[in-house]
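K.L.:
One structure, as structure tokens, below. Some questions next.
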Amino acid sequence: MSESKLDHLVMVAADLNAGREYIEELLGVKTERGGKHTAMGTHNRLLRLGEDQYLEIIAIDPDGKTPDHPRWFALDDPELQVRIRNAPILAAWVARTPAIDRAAKRPPYNETEVRDVSRDDLRWRMAFTPDGGLPLDGALPLLIEWQTDPIPSTRLPDAGCALERLVVQSPQAARVQQVLQDLGLDGVQTDHSVQTGLAASLITPGRGEVVLSSVLAGETDNDL
């Protein structure tokens with residue numbers, strides 16, 4: 001399998017402007033305007049993380065058209081919508097691969113559908129689950145193959161933030177490790193846990209180390 005790399009982290013918000021304010025206050029930096037995903041009825045904000053990675057804040061676009069298929073990143077999930085009502089969470093991560101069709105033939109991605117996607121001048125291909133959900137509840141990355149050069153992360157201004165570490169906790173940690181190995185994806189820490197969770201440690205210019213998590217304060221026994 002060709003080498004894959006962590007492309008971006010996905011913060012899901014109930015409202016994009018509120019999500020922007022939350023992240024900018026937490027990290028002490030400004031995010032950049034993204035755009036609208038017409039086919040998905042969503043819009044986003046972006047923040048560069050180091051050399052070739054970025055953070056995406058995404059929310060349902062209240063002015064957008066409701067798609068006739070499930071939105072990505074489980075945004076139509078009522079339970080998720082309740083969880084993000086007061087603050088965004090780190091819901092997913094995305095890995096870029098130079099050979100998405102080949103990667104999508106291997107379990108568990110053989111249950112996904114690779115589709116062409118675009119926003120403004122950006123073009124990419126992405127592997128979607130039938131219900132718009134996340135592989136292994138978010139423990140595994142969604143897959144993307146960029147058709148745009150240079151890739152979006154390198155177009156963003158450097159805000160002085162960098163991804164220090166991504167930790168994935170899962171009841172199926174051994175399976176997660178095997179799939180990441182099959183993808184040729186290194187540098188992600190996997191731990192066994194009763195619950196699935198994500199935690200990303202970011203280095204920021206003014207706030208030091210900040211952790212973004214899939215677990216909100218007061219939500220339970222996940223030890224991320």
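We name chains A, B, ... following the order of the structure tokens; residues begin at 1 in each chain, and ligands are numbered from 1 as shown.
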Write out as a count of residues only all residues of range 37-177 of chain A that DSSP puts in alpha helix (DSSP H) for this structure's backbone.
P.N.:
19
K.L.:
Please, which residues in range 144-172 of chain A fall within 8 Å of range 88-104 of chain A when counting only C-alpha atoms, and what is the closest atom pair and distance in Å to one decimal for each, ordered by chain then residue number, as CSV?
P.N.:
```
residue,atom,partner,partner_atom,distance
A:Ile144,CA,A:Arg96,CA,4.7
A:Glu145,CA,A:Thr97,CA,5.4
A:Trp146,CA,A:Arg96,CA,7.3
```
K.L.:
Determine which residues of range 27-140 of chain A DSSP labels as strand (DSSP E or B) from the backbone of this structure, then write them out as a ChimeraX atom specification.
P.N.:
/A:32-37,42-49,53-60,89-96,113-119,122-128
K.L.:
Any chance you can output those residues with C-alpha atoms as a JSON list (two decimals), in the first residue's frame?
P.N.:
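Result file follows (result_20.json):
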```
[["chain", "number", "residue", "atom", "x", "y", "z"],
["A", 32, "GLU", "CA", -9.33, 31.28, 7.80],
["A", 33, "ARG", "CA", -12.51, 31.35, 5.79],
["A", 34, "GLY", "CA", -13.12, 28.10, 3.93],
["A", 35, "GLY", "CA", -16.28, 27.99, 1.88],
["A", 36, "LYS", "CA", -19.50, 26.15, 1.14],
["A", 37, "HIS", "CA", -19.88, 22.49, 0.19],
["A", 42, "THR", "CA", -22.15, 22.44, 4.91],
["A", 43, "HIS", "CA", -19.57, 25.20, 5.27],
["A", 44, "ASN", "CA", -16.22, 25.47, 7.05],
["A", 45, "ARG", "CA", -13.30, 27.41, 8.53],
["A", 46, "LEU", "CA", -9.65, 26.32, 8.36],
["A", 47, "LEU", "CA", -6.42, 26.59, 10.33],
["A", 48, "ARG", "CA", -2.99, 25.43, 9.20],
["A", 49, "LEU", "CA", -1.20, 22.99, 11.49],
["A", 53, "GLN", "CA", -1.85, 19.43, 7.91],
["A", 54, "TYR", "CA", -4.78, 21.56, 8.98],
["A", 55, "LEU", "CA", -7.76, 21.84, 11.28],
["A", 56, "GLU", "CA", -11.25, 22.08, 9.80],
["A", 57, "ILE", "CA", -14.25, 23.49, 11.65],
["A", 58, "ILE", "CA", -17.40, 22.35, 9.89],
["A", 59, "ALA", "CA", -21.13, 22.84, 10.43],
["A", 60, "ILE", "CA", -24.41, 22.50, 8.60],
["A", 89, "ILE", "CA", -15.88, 18.45, 19.36],
["A", 90, "LEU", "CA", -13.08, 16.68, 17.55],
["A", 91, "ALA", "CA", -15.28, 14.21, 15.73],
["A", 92, "ALA", "CA", -13.09, 12.85, 12.96],
["A", 93, "TRP", "CA", -9.77, 12.79, 11.19],
["A", 94, "VAL", "CA", -8.91, 12.46, 7.53],
["A", 95, "ALA", "CA", -5.95, 10.73, 5.90],
["A", 96, "ARG", "CA", -4.79, 11.49, 2.38],
["A", 113, "GLU", "CA", -18.15, 4.67, -1.92],
["A", 114, "VAL", "CA", -15.48, 6.87, -3.51],
["A", 115, "ARG", "CA", -17.00, 10.09, -4.88],
["A", 116, "ASP", "CA", -15.72, 13.21, -6.60],
["A", 117, "VAL", "CA", -16.09, 16.35, -4.46],
["A", 118, "SER", "CA", -15.32, 20.03, -5.10],
["A", 119, "ARG", "CA", -15.39, 23.43, -3.42],
["A", 122, "LEU", "CA", -10.50, 22.60, -4.97],
["A", 123, "ARG", "CA", -11.06, 19.09, -6.30],
["A", 124, "TRP", "CA", -10.75, 15.83, -4.42],
["A", 125, "ARG", "CA", -12.03, 12.27, -4.15],
["A", 126, "MET", "CA", -13.30, 10.92, -0.86],
["A", 127, "ALA", "CA", -14.51, 7.58, 0.50],
["A", 128, "PHE", "CA", -17.99, 7.91, 2.04]]
```
K.L.:
So which one's closest to Ala162 in chain A, A:Pro78, A:Pro70, A:Pro107, A:Pro205? Using only C-alpha atoms, please.
P.N.:
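Smallest distance to Ala162 in chain A is found for A:Pro205.
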K.L.:
Excluding Pro130 in chain A and residues on its chain fewer than 4 positions from it, collect all residues at most 10 Å away from it, counting only C-alpha atoms, and give them as a ChimeraX atom specification.
P.N.:
/A:69-70,72,111-113,134
K.L.:
Closest to Thr66 in chain A among A:Ala14, A:Leu136, A:Leu180, A:Ala39, using only C-alpha atoms?
P.N.:
A:Ala39
K.L.:
Quick check, in Å to one decimal: how far apart do CA of Leu26 in chain A and CA of Asp191 in chain A lie?
P.N.:
25.8 Å
K.L.:
Excluding same-chain residues fewer than 5 positions from Val210 in chain A, what lies within 9 Å of it counting only C-alpha atoms, as a VMD selection string?
P.N.:
chain A and resid 26 to 27 200 to 204
K.L.:
Which one of A:Pro152, A:Leu80, A:Glu51, A:Pro141 sits closest to Val10 in chain A if you count only C-alpha atoms?
P.N.:
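Using only C-alpha atoms, the shortest distance to Val10 in chain A belongs to A:Pro141.
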K.L.:
Check the smallest atom-to-atom distance from each of A:Ala173, A:Met40, A:Val29, A:Leu166 to Val188 in chain A using only C-alpha atoms, then report the winner.
P.N.:
A:Leu166
K.L.:
Between A:Gly133, A:Gly187, A:Gly208, A:Pro62, which is the closest to Leu75 in chain A once you count only C-alpha atoms?
P.N.:
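Result for the nearest residue to Leu75 in chain A: A:Gly133.
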K.L.:
Which is closer to Ala159 in chain A than all the others in A:Gly206, A:Asp63, A:Asp77, A:Tyr22, using only C-alpha atoms?
P.N.:
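Among A:Gly206, A:Asp63, A:Asp77, A:Tyr22, it is A:Gly206 that comes nearest to Ala159 in chain A.
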